[in-house]
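Working notes, beginning with the structure itself.
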Amino acid sequence: MHKAIDPVHVVLLATLLVMSSLASQGNAAPDEPAAALGETTIRIGVLAHRGHAQALNRWSSMAEYLSSKIAGYNFEIVPLDLNDMHSATQNSGIQFTLTNPGNYANLETRFGISRIATLQTREGNQTRVRYGAVIITRADNTTIKNLKDLRGKSFMAVSENAFGGFQMAWRELAYHGIDPFKDFSELRFAGFPQDKIVFAVENASIDAATVRAETFARMVESGVINREDFRILNQQLHTDNPFPVSTRLYPEWPFATLKDTPRELATRVTQALLSMTDNHPAALATRSAGWTIPLDYSPVNELMRDLKIGPYEMLRETSLLALMEKYAYWLIGVAIVLISLLTLNGYITRTNHRLRETEKNLRLEISQREASQAALTKYRDSLEEQVTERTHDLRQTNKALDKSRVALRKLVEITSAPELNHQQRLQQLLETGRKYFELDVAVLASIEDNEQRICTTSGDISLIPEERRPLSERCAACLVDHFGDPLDIPDVEEYAPPDSVCRQQGWLSYLGVGIMLESRNHYTLEFAGNEIRQSRLSQWDLEILKVMAQWIADELERQMAIDAQRRHETEYARVSRMSTIGEMAASLAHELNQPLTGTINYSNSCLRMLKNPDPDTAKLIQGLEHAVEGATMTADIIRRIRQFVQKGEECYGEVNLNQAVRNAAALISHEIQRHSVKLIFELDEHIPNIEGNLIQIEQVILNFIRNSIEAMDRVDKQRHQLIIKTESTASNMIRLTVIDSGEGLKDDFLPKIFDAFFSTKAEGMGIGLSISRSIIESHQGRISARSLDKGGAEFSFELPAVMQN
């Protein structure tokens, strides 16, 4: 029996079809070849089970169709056999695959490919997305009437790896206790085309065989063979398949994307395939009826698990025979005891059982006849009422589908809008859910240490408790305990007394669900209304609520990952600053020693003057002023060092780049003097501010200056010159450039100068410039380095300017 259609799949199908329609209307263009210049080639690996020429002939029109629908890309068909398909997928030699269900299931398990569409085929006026196989023998072969009669007979199929040409039938044979590789007198694989396999049965050169059901039907329809000459074993009929089959039905060939294929390209390909009509020239050329949303391929995995092939081949390693050999004596003893007990029990109870079975059968037959008569009477009386109810249900279902389609489209637009930040996305997701469920307030609350706190709200805030907690702590606790199952209370008055918090807040209906992060509830999503709902939400609406909760979970996890990365980079940068201060320790000690020595000397002189009976007040004041000046200078140096090594995770704001340059130069001023470097500022005083972390920007400038000073140590001191420039660019960026007069950079160093742990110095750790690149890129900027023709090197970075109102 075929499985019922999942309502969630119906909703997704309707949504994807609308999205595809909108995409095709917004991106409609004439079906003419795209210009080859500047296009990106996208390779589609197609399983060429009938040869490369046949695969190219059938599927090239689909590649041309995708090239015409998706601007900037040129799609091409790459015919592959099973081994080549495995290698191409493993090595990312292709971006998409089109293969049979069995090969897809294997590639999905091994390499993580994902199906995005399923092929549709047409038989007359009926569109088909599943197919099966037939097991046939000659009609006049009286020795074969069912599958069990095939034991000891000869059998023919396409190949051992053919899904429709062998593996479907293999599963049915195994289900009936037949091992094709042991129980047949001969198992012959004939390859393609499958027509010759049918002819082999017709000519009685083989006892039985299996082919795809539509292949057999088409040969009958074309008059090549006579249907009456054949018998279909284990014959089954399905409402969604026009052909009689001998096997279960399985989904048609899937179109899949590799995990490394860009998500945006996969989405556009999905939309293009789903928008292909069944009468489009590309569909007709591929002998299909277009494409539909990806089906459930779990039946394929069940087949492979039952047969222990593909990803389940390792199951063969643990065999029953090996266990029996290991425990043979114990098993024999247990078997003898069981057989003895069963024989004795059977002898005693056989007669009584026969009598009871006869009486039971008689009573069962009488009760079944009475029940059937009563059911027929009841069905006859209620048929019209059932038809009316069914019609009403269908109308409600269509209405729910339309509403769900609009809501899902809105959710997709919100989650994919690049102009929205994290808080805006959450706000709009809550607002969309509140309007969809027609409730007055929506609340997203976090759960930390068994306490809930509101994160985001939407709607009438008067319905929210003043202490900024969830709408109902009792309901929130229920959501946490039930692992993401929705809680729907259409009438709060039935569950809560008049003095409860929820009744006092003024809301009369409630809806909530827990949001799972890292396999446990981290958030609750709650809605409330000030009116009683007439009934509980439908299954459609609850599924929409789960989808919304999952998308909110994805958004929260994405933001958590961004925050964690930012904290990691900030701490890494701080470690680098500490390392820089450590390397500058000797220089900083000398810089601190000068004002401290002066302060001590002036203080001692003042003490000596104070010990005289008649001290010189003017000189005493002058000495104390000099001591205070030295102490103040020392305090300034310590303050600059402390500011430079502080964490500064949240110190983001407007930064004057020229001031950052002066701060960094002041911090390393003694190093500049010690190395006899002439420092030249070429600062544009009219540049706008940038948005960023002042300490981190100063760290990058300091790394540039220290690298330049160390580079100039290897040239004549007369040439030691360091230029620091700031300027605006035409693209609204602020550029800082540090130019030194050192030896410059070797050409083979430039590509990896900003890599972590790469250093041109034997004692260097190679983290300064790597940290600098991370800081600049986290500020949405660019960093670069180059060697100058006249000698020396140039390091620069660009950061976005703050927009002026």
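The way I read the labels, and the way they are meant: chains A, B, ... in the order of the structure tokens, residue 1 as the first residue of every chain, and ligand 1 as the first ligand shown, with later ones counted on from there.
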
*For Ser603 of chain A: contacts at 7 Å, only C-alpha atoms, fewer than 3 positions along chain excluded, given as a list of chain:residue names*: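 Result of the neighbour search: A:Thr599, A:Ile600, A:Cys606, A:Leu607, A:Leu624, A:Ala627.
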
Can you spit out the residues from that selection as an mmCIF file, in the first residue's frame, using C-alpha atoms?
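See out.cif below for the written result:
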```cif
data_model
loop_
_atom_site.group_PDB
_atom_site.id
_atom_site.type_symbol
_atom_site.label_atom_id
_atom_site.label_comp_id
_atom_site.auth_asym_id
_atom_site.auth_seq_id
_atom_site.Cartn_x
_atom_site.Cartn_y
_atom_site.Cartn_z
ATOM 1 C CA THR A 599 61.244 62.886 39.935
ATOM 2 C CA ILE A 600 63.464 61.125 42.495
ATOM 3 C CA CYS A 606 63.776 69.502 47.821
ATOM 4 C CA LEU A 607 64.312 67.377 50.953
ATOM 5 C CA LEU A 624 58.587 70.290 43.289
ATOM 6 C CA ALA A 627 59.024 66.365 40.277
#
```

*Could you name the residues that touch segment 85-102 of chain A at 9 Å or less, counting only C-alpha atoms, but leaving out those on the same chain fewer than 6 positions away, as a count of residues only?*
38

*Quick one: distance from atom CA of Val129 of chain A to atom CA of Leu284 of chain A in Å, one decimal?*
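Atom CA of Leu284 of chain A lies at a distance of 15.9 Å from atom CA of Val129 of chain A.
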
*Using only C-alpha atoms, pick whichever of A:Glu385, A:Glu186, A:Glu698, A:Asp460 has the shortest atom-to-atom distance to Ala209 of chain A.*
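For Ala209 of chain A, the nearest of the given residues is A:Glu186.
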
*Work out how far apart atom CA of Ala53 of chain A and atom CA of Gly191 of chain A are and give it in Å to one decimal.*
16.3 Å

_Exercise: Gln550 of chain A partners within 9 Å, only C-alpha atoms, chain neighbours under 5 positions left out, as a ChimeraX atom specification_ = /A:515-516,545,555

Would you mind exporting the chosen residues as an mmCIF file, in the first residue's frame, restricted to all heavy atoms?
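Below is the file that was written, again_7.cif:
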```
data_model
loop_
_atom_site.group_PDB
_atom_site.id
_atom_site.type_symbol
_atom_site.label_atom_id
_atom_site.label_comp_id
_atom_site.auth_asym_id
_atom_site.auth_seq_id
_atom_site.Cartn_x
_atom_site.Cartn_y
_atom_site.Cartn_z
ATOM 1 N N ILE A 515 11.595 26.386 22.029
ATOM 2 C CA ILE A 515 12.556 26.494 20.933
ATOM 3 C C ILE A 515 13.815 25.753 21.343
ATOM 4 O O ILE A 515 14.427 26.050 22.373
ATOM 5 C CB ILE A 515 12.861 27.964 20.597
ATOM 6 C CG1 ILE A 515 11.593 28.644 20.072
ATOM 7 C CG2 ILE A 515 13.991 28.074 19.593
ATOM 8 C CD1 ILE A 515 11.785 30.098 19.723
ATOM 9 N N MET A 516 14.199 24.762 20.518
ATOM 10 C CA MET A 516 15.315 23.881 20.852
ATOM 11 C C MET A 516 16.619 24.440 20.296
ATOM 12 O O MET A 516 16.718 24.752 19.112
ATOM 13 C CB MET A 516 15.067 22.491 20.269
ATOM 14 C CG MET A 516 13.727 21.879 20.662
ATOM 15 S SD MET A 516 13.652 21.413 22.389
ATOM 16 C CE MET A 516 14.806 20.031 22.385
ATOM 17 N N LEU A 545 3.634 26.820 13.258
ATOM 18 C CA LEU A 545 4.244 27.267 14.508
ATOM 19 C C LEU A 545 5.592 26.581 14.728
ATOM 20 O O LEU A 545 6.565 27.209 15.141
ATOM 21 C CB LEU A 545 3.294 26.967 15.673
ATOM 22 C CG LEU A 545 3.800 27.340 17.072
ATOM 23 C CD1 LEU A 545 4.050 28.842 17.168
ATOM 24 C CD2 LEU A 545 2.811 26.905 18.141
ATOM 25 N N GLU A 555 18.013 31.447 13.600
ATOM 26 C CA GLU A 555 18.485 32.827 13.712
ATOM 27 C C GLU A 555 19.240 33.034 15.021
ATOM 28 O O GLU A 555 20.285 33.690 15.058
ATOM 29 C CB GLU A 555 17.296 33.789 13.616
ATOM 30 C CG GLU A 555 17.626 35.244 13.832
ATOM 31 C CD GLU A 555 18.582 35.810 12.787
ATOM 32 O OE1 GLU A 555 18.614 35.274 11.663
ATOM 33 O OE2 GLU A 555 19.302 36.775 13.101
#
```

*Please run DSSP on the backbone and report, as a PyMOL selection string, all residues within segment 284-468 of chain A that come out as strand (DSSP E or B).*
chain A and resi 291-292+441-448+451-459

*Hey, what's within 12 Å of Thr210 of chain A if we count only C-alpha atoms and toss same-chain stuff fewer than 2 positions away? As number ranges by chain, please?*
A: 132-137, 147, 154-160, 162-170, 172-173, 180, 187-191, 194-201, 206-208, 212-216, 231-234, 245-247

_as a VMD selection string, please: every residue in segment 73-223 of chain A that DSSP puts in alpha helix (DSSP H)._
chain A and resid 82 to 90 101 to 111 168 to 175 180 to 183 195 to 202 213 to 221

How would the residues just chosen look if you wrote them out with C-alpha atoms as a compact mmCIF listing (two decimals), in the first residue's frame?
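Written out: part_12.txt:
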```txt
# COMPACT_ATOMS: atom_id res chain seq x y z
CA LEU A 82 28.54 4.70 -11.02
CA ASN A 83 32.28 4.75 -10.23
CA ASP A 84 32.83 8.11 -11.92
CA MET A 85 29.79 9.54 -10.12
CA HIS A 86 31.28 8.44 -6.78
CA SER A 87 34.67 10.04 -7.60
CA ALA A 88 33.19 13.27 -8.99
CA THR A 89 31.00 13.73 -5.90
CA GLN A 90 33.86 12.98 -3.51
CA PRO A 101 17.29 6.58 -6.22
CA GLY A 102 19.62 3.82 -5.11
CA ASN A 103 22.79 5.65 -6.11
CA TYR A 104 21.40 8.85 -4.56
CA ALA A 105 20.84 7.16 -1.20
CA ASN A 106 24.44 5.90 -1.25
CA LEU A 107 25.87 9.36 -2.15
CA GLU A 108 23.66 11.07 0.44
CA THR A 109 25.01 8.84 3.23
CA ARG A 110 28.66 8.99 2.13
CA PHE A 111 29.03 12.62 0.97
CA MET A 168 13.48 -3.63 -6.51
CA ALA A 169 12.79 -7.26 -7.51
CA TRP A 170 15.61 -8.52 -5.25
CA ARG A 171 13.84 -7.03 -2.22
CA GLU A 172 10.52 -8.74 -3.09
CA LEU A 173 12.30 -12.06 -3.71
CA ALA A 174 14.09 -11.77 -0.38
CA TYR A 175 10.76 -10.99 1.30
CA PRO A 180 18.83 -14.56 -6.09
CA PHE A 181 22.52 -15.40 -5.74
CA LYS A 182 21.95 -18.85 -4.21
CA ASP A 183 18.46 -20.10 -5.04
CA ASP A 195 13.83 -4.90 -24.25
CA LYS A 196 16.18 -7.84 -24.83
CA ILE A 197 15.40 -9.14 -21.33
CA VAL A 198 11.68 -9.26 -22.19
CA PHE A 199 12.47 -11.00 -25.48
CA ALA A 200 14.58 -13.57 -23.60
CA VAL A 201 11.50 -14.51 -21.53
CA GLU A 202 9.30 -14.56 -24.64
CA ALA A 213 7.08 -1.58 -15.25
CA GLU A 214 6.79 1.21 -17.83
CA THR A 215 9.30 -0.53 -20.14
CA PHE A 216 7.11 -3.63 -20.21
CA ALA A 217 3.92 -1.56 -20.67
CA ARG A 218 5.36 0.44 -23.55
CA MET A 219 6.47 -2.71 -25.35
CA VAL A 220 2.91 -4.01 -25.03
CA GLU A 221 1.38 -0.71 -26.21
```

*Which distance in Å separates atom CA of Arg263 of chain A and atom CA of His522 of chain A, to one decimal?*
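Separating atom CA of Arg263 of chain A from atom CA of His522 of chain A is a distance of 27.5 Å.
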